[in-house]
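Here the structure comes first, spelled out in structure tokens, and everything after it is commentary.
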Amino acid sequence: MRKAKLFIAMTLTLSIASSALIGCGSKGAESTKGEVVEDTYNYTGSAPITDQEGATLSILASNSWYSTVDLTSDDASIIKEVEKRAGVNVDWTLIDPTTYTDAVSPMLASGSDLADIVFLPDLDPNSSYIKSALFEPLDEHFDLMPNFKAYLDANPNIKASLTATDGHIYYVPIVGLTDNYLPVIMYNQKWLDQLNMEQPKNLDEFVTMLKAFRDNDMNGDGDTTDEIPMSVTSSETAKNLQMMFGPAFGLNLQDGFYVDDKGTVHYSYAESENYKNYLNFIHGLYEEGLLEMEYTSLTRDQITERFAQNKTGVTFDYSWQMSQLYSPQFPEYDGTNGIVVGGAPLSGEYEGSYIGLNAVKGIFGVTTDSKNQSLALKFLDYAMSEECQDLYVWGIENESFTVNADNTRSFTEKALSDNLWLQALGINPPCLPYHNSVEATNVLLPRWHVDVDSNLATMTSAPWPQIYATQEESSVLSQYLVDIQTYADQMAVAFISGNTSMDDFDSYLSTLKTMHVDDIIKIKQEQYDRYAAALK
Ligand SMILES: [Ca+2]
């Protein structure tokens with residue numbers, strides 16, 4: 001059954017190809033058996049994308065993250081508007097994002113009856129979907145994708161990340177924020193003001209400040225022993241301690257790997273000098289009582305409670321939380337000035353930075369079996385155009401936003417007060433290739449927070465890039481890397497607490513070697529070299 005279908009699809013593809021070869025220019029070329037709808041409408045990047053009546057496409061993608069919101073409903077005006085402008089009816093199959101991978105992976109594994117456009121369950125890091133030839137190489141159709149082509153030319157990092165090991169580009173991305181609203185250090189500004197201290201800029205100033213928090217009655221309850229100077233967690237899922245201090249030692253403990261000025265790849269947890277210095281420093285904090293014993297199990301709820309009791313002086317968390325969670329714990333907070341306020345990354349021997357995030361958050365492909373392939377390519381291209389991005393970010397004029405006298409925009413009262421309504425309208429729709437906008441995030445936050453964040457966004461460094469792995473590479477990586485990282489994390493806890501002496505650091509390094517860390521670094525170097533080549 002499946003074979004027969006594939007055979008028909010292949011014949012159809014061939015017949016289209018040959019009619020293109022003989023220069024068949026007749027408009028809306030009729031398809032064999034009326035199944036394939038190919039049109040020759042001249043799409044140049046703006047709507048509509050076709051002049052055919054009743055043009056229809058199928059899309060398999062994720063529904064809203066809000067369980068009560070259904071983006072296939074008529075309330076989703078933003079999505080309806082994209083379809084209307086494009087001149088296309090979309091037959092949506094939208095699946096709950098929490099079960100998306102489980103639902104869609106088997107569909108992709110079977111490879112039959114797929115929609116024209118598919119949102120992938122992951123970023124295809126091991127190129128498995130590319131290998132199975134389920135998706136069309138989009139770069140071969142860039143004549144139908146002028147918006148996407150221009151976007152990639154303007155964003156070489158994203159282009160390099162999307163370039164597969166065979167040199168083709170298969171996917172159109174959902175794009176997230178990279179330098180804004182990252183996890184940052186946050187200070188209890190009341191405590192700093194009481195001590196007449198500025199926010200620290202380097203490790204020495206930072207330690208001096210922590211000791212002052214430890215030794216003074218910062219919360220004024222008459223007890224100098226109930227202050228917890230710093231509340232920073234380090235767990236498997238939140239490597240906050242590592243993100244906070246790694247860059248001051250020239251390390252990227254967040255992604256593990258980083259590349260130096262000469263283009264050489266390093267694994268941070270196997271660096272003989274810098275990583276040892278980092279561990280020594282954190283062990284020192286622990287010994288001084290500046291880092292608590294429970295740092296591996298500390299939760300955001302506990303940290304929030306500490307701020308509510310004015311008991312702690314520093315944390316490290318997503319920027320968002322400074323005005324949305326921590327500052328409002330103080331009864332005197334009125335939104336004008338922050339109380340828990342983000343500060344610059346700490347410098348040490350190396351200049352401090354916050355490590356940015358990779359831009360690609362999700363990917364869409366056009367299936368090779370699609371019977372509406374050129375329509376699908378054009379729709380995906382139009383759906384990522386500036387015109388549509390504007391719809392995704394702001395929605396519909398006079399419903400979700402208004403244009404001010406100075407031409408800036410504001411969300412309406414309705415949009416600001418009723419998030420579920422805004423989500424139902426289809427703001428940042430996960431079923432289309434939207435780009436997160438700094439501007440539209442800023443308008444949701446108080447002025448002081450926006451000012452702090454805009455400043456901190458200038459103090460970032462590039463993350464380890466997203467790079468496709470070949471299947472050979474991923475099999476070596478999966479064989480060794482998880483064990484290596486688990487061992488490194490366990491040993492970090494042991495060195496920091498002093499359970500393992502720093503004298504044993506060299507034996508830690510040689511154990512990493514027996515665990516094939518050099519093979520891993522070699523693969524990462526090859527991957528980085530591919531990425532660097534795709535950047536050119
Ligand atoms: Ca006290």
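Naming works like this for the structure tokens: A, B, ... for the chains as they're shown, residue 1 at the start of each chain, ligands 1 onward in shown order.
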
TODO: Return as a PyMOL selection string every polymer residue, whether protein, DNA or RNA, with at least one atom no more than 10 Å from an atom of ligand 1; count only C-alpha atoms and all ligand atoms.
DONE: chain A and resi 213-228+310-312

Restrict the selected residues to N, CA and C atoms and save them as a tab-separated table (two decimals), in the first residue's frame.
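File produced: part-v9.tsv:
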```
chain	number	residue	atom	x	y	z
A	213	PHE	N	26.73	41.24	53.69
A	213	PHE	CA	25.36	40.70	53.87
A	213	PHE	C	25.33	39.67	54.99
A	214	ARG	N	26.39	38.86	55.06
A	214	ARG	CA	26.45	37.79	56.06
A	214	ARG	C	26.61	38.36	57.48
A	215	ASP	N	27.40	39.42	57.59
A	215	ASP	CA	27.81	39.86	58.93
A	215	ASP	C	26.94	40.95	59.53
A	216	ASN	N	26.06	41.55	58.72
A	216	ASN	CA	25.22	42.64	59.25
A	216	ASN	C	23.77	42.18	59.40
A	217	ASP	N	23.05	42.91	60.23
A	217	ASP	CA	21.62	42.62	60.41
A	217	ASP	C	20.85	43.34	59.30
A	218	MET	N	20.91	42.76	58.09
A	218	MET	CA	20.37	43.45	56.92
A	218	MET	C	18.87	43.64	56.99
A	219	ASN	N	18.17	42.68	57.59
A	219	ASN	CA	16.70	42.80	57.63
A	219	ASN	C	16.20	43.46	58.91
A	220	GLY	N	17.17	43.88	59.75
A	220	GLY	CA	16.82	44.72	60.90
A	220	GLY	C	15.95	44.06	61.95
A	221	ASP	N	16.07	42.73	62.10
A	221	ASP	CA	15.27	42.07	63.14
A	221	ASP	C	16.06	41.83	64.42
A	222	GLY	N	17.26	42.47	64.49
A	222	GLY	CA	18.06	42.36	65.69
A	222	GLY	C	18.95	41.13	65.72
A	223	ASP	N	18.84	40.29	64.69
A	223	ASP	CA	19.61	39.04	64.64
A	223	ASP	C	20.56	39.14	63.44
A	224	THR	N	21.86	39.02	63.69
A	224	THR	CA	22.81	39.13	62.57
A	224	THR	C	23.09	37.77	61.93
A	225	THR	N	22.37	36.74	62.37
A	225	THR	CA	22.70	35.41	61.85
A	225	THR	C	21.62	34.83	60.93
A	226	ASP	N	20.52	35.57	60.71
A	226	ASP	CA	19.45	34.96	59.90
A	226	ASP	C	19.47	35.42	58.44
A	227	GLU	N	20.51	36.15	58.01
A	227	GLU	CA	20.61	36.53	56.61
A	227	GLU	C	21.26	35.41	55.79
A	228	ILE	N	20.68	35.15	54.64
A	228	ILE	CA	21.29	34.19	53.69
A	228	ILE	C	21.86	35.04	52.56
A	310	ASN	N	12.51	39.20	53.28
A	310	ASN	CA	13.69	40.07	53.23
A	310	ASN	C	14.90	39.41	53.88
A	311	LYS	N	15.14	38.17	53.50
A	311	LYS	CA	16.18	37.37	54.16
A	311	LYS	C	17.39	37.08	53.30
A	312	THR	N	17.30	37.44	51.99
A	312	THR	CA	18.44	37.08	51.14
A	312	THR	C	18.83	38.25	50.24
```

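Contact shell of Ile339 of chain A at 8 Å (only C-alpha atoms; same-chain neighbours under 2 positions omitted): Tyr187, Asn188, Gln189, Lys190, Ser327, Phe330, Tyr333, Asn337 and Val341 of chain A.
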
Just the selected residues (all heavy atoms), exported as a PDB file, in the first residue's frame, please.
```pdb
ATOM      1  N   TYR A 187      20.141  41.621  42.562  1.00  0.00           N
ATOM      2  CA  TYR A 187      20.516  42.062  43.907  1.00  0.00           C
ATOM      3  C   TYR A 187      19.324  42.599  44.682  1.00  0.00           C
ATOM      4  O   TYR A 187      18.438  43.223  44.105  1.00  0.00           O
ATOM      5  CB  TYR A 187      21.574  43.169  43.820  1.00  0.00           C
ATOM      6  CG  TYR A 187      22.852  42.698  43.173  1.00  0.00           C
ATOM      7  CD1 TYR A 187      23.109  42.946  41.833  1.00  0.00           C
ATOM      8  CD2 TYR A 187      23.792  41.987  43.918  1.00  0.00           C
ATOM      9  CE1 TYR A 187      24.278  42.506  41.241  1.00  0.00           C
ATOM     10  CE2 TYR A 187      24.972  41.537  43.329  1.00  0.00           C
ATOM     11  CZ  TYR A 187      25.208  41.800  41.993  1.00  0.00           C
ATOM     12  OH  TYR A 187      26.352  41.355  41.408  1.00  0.00           O
ATOM     13  N   ASN A 188      19.346  42.366  45.982  1.00  0.00           N
ATOM     14  CA  ASN A 188      18.405  43.017  46.891  1.00  0.00           C
ATOM     15  C   ASN A 188      18.893  44.468  47.034  1.00  0.00           C
ATOM     16  O   ASN A 188      19.826  44.763  47.788  1.00  0.00           O
ATOM     17  CB  ASN A 188      18.424  42.295  48.244  1.00  0.00           C
ATOM     18  CG  ASN A 188      17.457  42.888  49.235  1.00  0.00           C
ATOM     19  OD1 ASN A 188      17.146  44.081  49.185  1.00  0.00           O
ATOM     20  ND2 ASN A 188      16.986  42.053  50.154  1.00  0.00           N
ATOM     21  N   GLN A 189      18.276  45.361  46.276  1.00  0.00           N
ATOM     22  CA  GLN A 189      18.742  46.741  46.191  1.00  0.00           C
ATOM     23  C   GLN A 189      18.612  47.465  47.532  1.00  0.00           C
ATOM     24  O   GLN A 189      19.396  48.352  47.857  1.00  0.00           O
ATOM     25  CB  GLN A 189      17.975  47.473  45.079  1.00  0.00           C
ATOM     26  CG  GLN A 189      18.586  48.793  44.641  1.00  0.00           C
ATOM     27  CD  GLN A 189      20.021  48.665  44.144  1.00  0.00           C
ATOM     28  OE1 GLN A 189      20.344  47.760  43.362  1.00  0.00           O
ATOM     29  NE2 GLN A 189      20.912  49.541  44.616  1.00  0.00           N
ATOM     30  N   LYS A 190      17.634  47.057  48.341  1.00  0.00           N
ATOM     31  CA  LYS A 190      17.483  47.657  49.681  1.00  0.00           C
ATOM     32  C   LYS A 190      18.747  47.433  50.507  1.00  0.00           C
ATOM     33  O   LYS A 190      19.235  48.331  51.185  1.00  0.00           O
ATOM     34  CB  LYS A 190      16.305  46.990  50.419  1.00  0.00           C
ATOM     35  CG  LYS A 190      14.955  47.549  50.064  1.00  0.00           C
ATOM     36  CD  LYS A 190      13.839  46.663  50.619  1.00  0.00           C
ATOM     37  CE  LYS A 190      13.880  46.549  52.134  1.00  0.00           C
ATOM     38  NZ  LYS A 190      12.628  47.058  52.760  1.00  0.00           N
ATOM     39  N   SER A 327      10.581  41.350  43.005  1.00  0.00           N
ATOM     40  CA  SER A 327      10.339  42.689  43.574  1.00  0.00           C
ATOM     41  C   SER A 327       8.959  42.801  44.222  1.00  0.00           C
ATOM     42  O   SER A 327       8.828  43.397  45.303  1.00  0.00           O
ATOM     43  CB  SER A 327      10.521  43.771  42.500  1.00  0.00           C
ATOM     44  OG  SER A 327      11.889  43.911  42.168  1.00  0.00           O
ATOM     45  N   PHE A 330       8.029  42.445  48.053  1.00  0.00           N
ATOM     46  CA  PHE A 330       8.216  43.492  49.064  1.00  0.00           C
ATOM     47  C   PHE A 330       6.975  44.379  49.087  1.00  0.00           C
ATOM     48  O   PHE A 330       6.562  44.885  48.039  1.00  0.00           O
ATOM     49  CB  PHE A 330       9.458  44.322  48.727  1.00  0.00           C
ATOM     50  CG  PHE A 330      10.744  43.547  48.867  1.00  0.00           C
ATOM     51  CD1 PHE A 330      11.158  42.670  47.865  1.00  0.00           C
ATOM     52  CD2 PHE A 330      11.532  43.676  50.007  1.00  0.00           C
ATOM     53  CE1 PHE A 330      12.330  41.940  47.992  1.00  0.00           C
ATOM     54  CE2 PHE A 330      12.712  42.947  50.136  1.00  0.00           C
ATOM     55  CZ  PHE A 330      13.112  42.071  49.132  1.00  0.00           C
ATOM     56  N   TYR A 333       6.902  47.741  47.223  1.00  0.00           N
ATOM     57  CA  TYR A 333       7.137  47.824  45.767  1.00  0.00           C
ATOM     58  C   TYR A 333       5.903  48.407  45.073  1.00  0.00           C
ATOM     59  O   TYR A 333       4.805  47.893  45.209  1.00  0.00           O
ATOM     60  CB  TYR A 333       7.443  46.438  45.194  1.00  0.00           C
ATOM     61  CG  TYR A 333       7.627  46.450  43.684  1.00  0.00           C
ATOM     62  CD1 TYR A 333       8.717  47.093  43.102  1.00  0.00           C
ATOM     63  CD2 TYR A 333       6.688  45.839  42.840  1.00  0.00           C
ATOM     64  CE1 TYR A 333       8.882  47.112  41.720  1.00  0.00           C
ATOM     65  CE2 TYR A 333       6.849  45.851  41.453  1.00  0.00           C
ATOM     66  CZ  TYR A 333       7.943  46.493  40.908  1.00  0.00           C
ATOM     67  OH  TYR A 333       8.101  46.521  39.544  1.00  0.00           O
ATOM     68  N   ASN A 337      10.367  51.726  40.943  1.00  0.00           N
ATOM     69  CA  ASN A 337      11.770  51.329  41.034  1.00  0.00           C
ATOM     70  C   ASN A 337      11.873  49.886  41.501  1.00  0.00           C
ATOM     71  O   ASN A 337      11.123  49.464  42.386  1.00  0.00           O
ATOM     72  CB  ASN A 337      12.513  52.222  42.037  1.00  0.00           C
ATOM     73  CG  ASN A 337      12.666  53.633  41.505  1.00  0.00           C
ATOM     74  OD1 ASN A 337      13.277  53.849  40.459  1.00  0.00           O
ATOM     75  ND2 ASN A 337      12.070  54.585  42.200  1.00  0.00           N
ATOM     76  N   VAL A 341      16.947  43.767  41.670  1.00  0.00           N
ATOM     77  CA  VAL A 341      17.339  44.428  40.423  1.00  0.00           C
ATOM     78  C   VAL A 341      18.531  43.722  39.775  1.00  0.00           C
ATOM     79  O   VAL A 341      19.514  43.404  40.438  1.00  0.00           O
ATOM     80  CB  VAL A 341      17.715  45.909  40.710  1.00  0.00           C
ATOM     81  CG1 VAL A 341      18.114  46.624  39.425  1.00  0.00           C
ATOM     82  CG2 VAL A 341      16.551  46.632  41.372  1.00  0.00           C
TER      83      VAL A 341
END
```

Task: strand (DSSP E) positions in segment 288-494 of chain A, given as a PyMOL selection string - done: chain A and resi 312-318+340-343+354-355+360-366+401-403+409-411+460-461

Hey, can you spit out that residue selection with C-alpha atoms as a CSV table (one decimal), in the first residue's frame?
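Below you can see out-v6.csv, which holds the result:
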```csv
chain,number,residue,atom,x,y,z
A,312,THR,CA,18.4,37.1,51.1
A,313,GLY,CA,20.6,39.4,49.1
A,314,VAL,CA,21.4,37.9,45.7
A,315,THR,CA,19.9,35.4,43.3
A,316,PHE,CA,20.3,34.4,39.7
A,317,ASP,CA,17.3,33.8,37.5
A,318,TYR,CA,15.5,34.8,34.3
A,340,VAL,CA,15.3,43.0,43.3
A,341,VAL,CA,17.3,44.4,40.4
A,342,GLY,CA,19.5,42.8,37.7
A,343,GLY,CA,23.2,43.7,37.5
A,354,TYR,CA,25.9,36.6,30.1
A,355,ILE,CA,25.8,33.8,27.6
A,360,VAL,CA,16.1,28.7,16.6
A,361,LYS,CA,13.3,27.4,18.9
A,362,GLY,CA,11.3,25.2,16.5
A,363,ILE,CA,11.3,24.2,12.9
A,364,PHE,CA,8.8,23.7,10.0
A,365,GLY,CA,9.4,21.6,6.9
A,366,VAL,CA,7.6,21.0,3.7
A,401,PHE,CA,-3.2,47.2,19.7
A,402,THR,CA,-3.4,50.9,18.8
A,403,VAL,CA,-1.0,53.2,17.0
A,409,ARG,CA,2.3,51.0,19.4
A,410,SER,CA,0.6,50.0,22.6
A,411,PHE,CA,-1.4,46.9,23.4
A,460,THR,CA,26.3,39.1,26.3
A,461,SER,CA,28.5,36.6,24.5
```

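Across A:Leu114, A:Leu182, A:Leu203, A:Ala164, the tightest approach to Leu357 of chain A is made by A:Leu182 when counting only C-alpha atoms.
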
Open item on the list: Applying 9 Å and only C-alpha atoms, which residues near Glu53 of chain A remain after dropping the ones on its own chain fewer than 2 positions away? List them as an MDAnalysis selection string.
Closed with: chainID A and resid 50:51 55 87:88

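Closest to Ile169 of chain A among A:Ile79, A:Leu509, A:Ile49, A:Ile130 is A:Ile130, based on only C-alpha atoms.
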
Task: Selected residue of minimal separation from Ser64 of chain A among A:Ser105, A:Gln302, A:Thr98, A:Ser501, counting only C-alpha atoms - done: A:Thr98

TODO: Taking the chain letters and numbering used in this document, name the residues of segment 233-445 of chain A that DSSP puts in helix (DSSP H, G or I), as number ranges by chain.
DONE: A: 240-249, 268-270, 274-287, 300-308, 320-329, 373-383, 386-394, 413-417, 419-425, 438-442

Using only C-alpha atoms, tabulate the residues of segment 182-223 of chain A lying at most 10 Å from any atom of segment 234-252 of chain A, each with its closest atom pair and that distance in Å to one decimal, by chain and increasing residue number, as CSV.
```
residue,atom,partner,partner_atom,distance
A:Pro183,CA,A:Asn240,CA,8.0
A:Val184,CA,A:Met244,CA,7.4
A:Ile185,CA,A:Met244,CA,6.8
A:Asn202,CA,A:Ala248,CA,8.2
A:Leu203,CA,A:Ala248,CA,7.9
```

Let me see the file: selected residues, all heavy atoms, as a PDB file, in the first residue's frame.
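Contents of out16.pdb, freshly written:
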```
ATOM      1  N   PRO A 183      18.770  34.816  31.831  1.00  0.00           N
ATOM      2  CA  PRO A 183      19.025  34.712  33.268  1.00  0.00           C
ATOM      3  C   PRO A 183      20.171  35.655  33.664  1.00  0.00           C
ATOM      4  O   PRO A 183      21.184  35.719  32.953  1.00  0.00           O
ATOM      5  CB  PRO A 183      19.452  33.247  33.443  1.00  0.00           C
ATOM      6  CG  PRO A 183      18.998  32.542  32.204  1.00  0.00           C
ATOM      7  CD  PRO A 183      19.050  33.568  31.117  1.00  0.00           C
ATOM      8  N   VAL A 184      19.973  36.385  34.752  1.00  0.00           N
ATOM      9  CA  VAL A 184      20.968  37.374  35.195  1.00  0.00           C
ATOM     10  C   VAL A 184      21.102  37.360  36.719  1.00  0.00           C
ATOM     11  O   VAL A 184      20.253  36.817  37.429  1.00  0.00           O
ATOM     12  CB  VAL A 184      20.586  38.814  34.740  1.00  0.00           C
ATOM     13  CG1 VAL A 184      20.581  38.920  33.220  1.00  0.00           C
ATOM     14  CG2 VAL A 184      19.238  39.247  35.316  1.00  0.00           C
ATOM     15  N   ILE A 185      22.164  37.999  37.210  1.00  0.00           N
ATOM     16  CA  ILE A 185      22.336  38.180  38.652  1.00  0.00           C
ATOM     17  C   ILE A 185      21.355  39.259  39.117  1.00  0.00           C
ATOM     18  O   ILE A 185      21.188  40.275  38.447  1.00  0.00           O
ATOM     19  CB  ILE A 185      23.765  38.650  38.989  1.00  0.00           C
ATOM     20  CG1 ILE A 185      24.789  37.702  38.380  1.00  0.00           C
ATOM     21  CG2 ILE A 185      23.967  38.777  40.501  1.00  0.00           C
ATOM     22  CD1 ILE A 185      26.220  38.200  38.508  1.00  0.00           C
ATOM     23  N   ASN A 202      33.072  42.936  39.845  1.00  0.00           N
ATOM     24  CA  ASN A 202      33.998  41.805  39.707  1.00  0.00           C
ATOM     25  C   ASN A 202      33.895  40.884  40.923  1.00  0.00           C
ATOM     26  O   ASN A 202      33.193  41.173  41.888  1.00  0.00           O
ATOM     27  CB  ASN A 202      35.437  42.310  39.514  1.00  0.00           C
ATOM     28  CG  ASN A 202      35.876  43.201  40.666  1.00  0.00           C
ATOM     29  OD1 ASN A 202      35.752  42.824  41.827  1.00  0.00           O
ATOM     30  ND2 ASN A 202      36.384  44.387  40.356  1.00  0.00           N
ATOM     31  N   LEU A 203      34.610  39.778  40.863  1.00  0.00           N
ATOM     32  CA  LEU A 203      34.489  38.740  41.883  1.00  0.00           C
ATOM     33  C   LEU A 203      34.896  39.248  43.263  1.00  0.00           C
ATOM     34  O   LEU A 203      34.256  38.923  44.268  1.00  0.00           O
ATOM     35  CB  LEU A 203      35.342  37.518  41.498  1.00  0.00           C
ATOM     36  CG  LEU A 203      34.918  36.800  40.209  1.00  0.00           C
ATOM     37  CD1 LEU A 203      35.915  35.689  39.879  1.00  0.00           C
ATOM     38  CD2 LEU A 203      33.512  36.221  40.311  1.00  0.00           C
TER      39      LEU A 203
END
```

Open item on the list: Give me, as a list in words, all polymer residues having an atom no more than 10 Å from segment 417-424 of chain A, counting only C-alpha atoms and skipping those fewer than 2 positions away in the same chain.
Closed with: Ser64, Trp65, Tyr66, Thr68, Val69, Asp70, Leu71, Thr72, Ser73, Asp74, Asp75, Ala76, Ser77, Ile78, Trp394, Gly395, Glu399, Ser400, Phe411, Thr412, Glu413, Lys414, Ala415, Gly426, Ile427, Asn428 and Pro429 of chain A

Restricting it to C-alpha atoms, dump the selection as an mmCIF file, in the first residue's frame.
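The result, stored in selection_39.cif:
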```cif
data_model
loop_
_atom_site.group_PDB
_atom_site.id
_atom_site.type_symbol
_atom_site.label_atom_id
_atom_site.label_comp_id
_atom_site.auth_asym_id
_atom_site.auth_seq_id
_atom_site.Cartn_x
_atom_site.Cartn_y
_atom_site.Cartn_z
ATOM 1 C CA SER A 64 -1.497 26.829 22.042
ATOM 2 C CA TRP A 65 0.399 26.222 25.291
ATOM 3 C CA TYR A 66 -2.745 27.456 27.049
ATOM 4 C CA THR A 68 -8.202 26.324 27.118
ATOM 5 C CA VAL A 69 -7.117 27.996 23.860
ATOM 6 C CA ASP A 70 -7.758 26.319 20.494
ATOM 7 C CA LEU A 71 -6.029 28.021 17.592
ATOM 8 C CA THR A 72 -8.258 26.297 15.046
ATOM 9 C CA SER A 73 -11.245 28.218 16.457
ATOM 10 C CA ASP A 74 -12.755 31.267 14.741
ATOM 11 C CA ASP A 75 -11.505 33.396 17.657
ATOM 12 C CA ALA A 76 -7.957 33.047 16.285
ATOM 13 C CA SER A 77 -8.241 36.195 14.162
ATOM 14 C CA ILE A 78 -4.492 36.480 13.629
ATOM 15 C CA TRP A 394 0.792 42.868 17.773
ATOM 16 C CA GLY A 395 -2.333 41.185 16.474
ATOM 17 C CA GLU A 399 -8.519 45.089 18.826
ATOM 18 C CA SER A 400 -5.228 44.097 20.407
ATOM 19 C CA PHE A 411 -1.410 46.937 23.396
ATOM 20 C CA THR A 412 -5.040 47.776 24.194
ATOM 21 C CA GLU A 413 -6.409 47.528 27.740
ATOM 22 C CA LYS A 414 -8.180 44.350 26.660
ATOM 23 C CA ALA A 415 -4.922 42.791 25.453
ATOM 24 C CA GLY A 426 -3.264 33.796 18.185
ATOM 25 C CA ILE A 427 -0.511 36.087 19.478
ATOM 26 C CA ASN A 428 2.932 34.455 18.831
ATOM 27 C CA PRO A 429 1.135 31.445 17.324
#
```

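Using only C-alpha atoms, the nearest neighbour of Ala440 of chain A within the list A:Ala344, A:Tyr278, A:Lys201, A:Leu416 is A:Leu416.
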
Open item on the list: Env of Thr163 of chain A: 12 Å cut, atoms = only C-alpha atoms, seq-sep filter 2 positions within chain, self excluded. Answer as JSON, numbers by chain.
Closed with: {"A": [124, 125, 127, 130, 137, 138, 139, 152, 156, 157, 158, 159, 160, 161, 165, 166, 167, 168, 169, 170, 171, 172, 173, 465, 466, 467, 468, 469, 527, 530, 531, 532, 533, 534, 535, 536]}

Open item on the list: Could you list, as a ChimeraX atom specification, every residue within 12 Å of Asp506 of chain A, counting only C-alpha atoms and ignoring same-chain residues fewer than 6 positions away?
Closed with: /A:270-273,275-276,500,512-513

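For the set A:Leu380, A:Met186, A:Ala405, A:Leu425, the residue with the smallest atom-to-atom gap to His449 of chain A is A:Met186, counting only C-alpha atoms.
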
- [ ] Grab the atom CA of Thr44 of chain A to atom CA of Ile396 of chain A distance for me, in Å with one decimal place.
- [x] 24.2 Å

Open item on the list: Here is a test: counting only C-alpha atoms, which residue of A:Ser323, A:Ser347, A:Asn89, A:Thr56 is nearest to Phe206 of chain A?
Closed with: A:Ser347
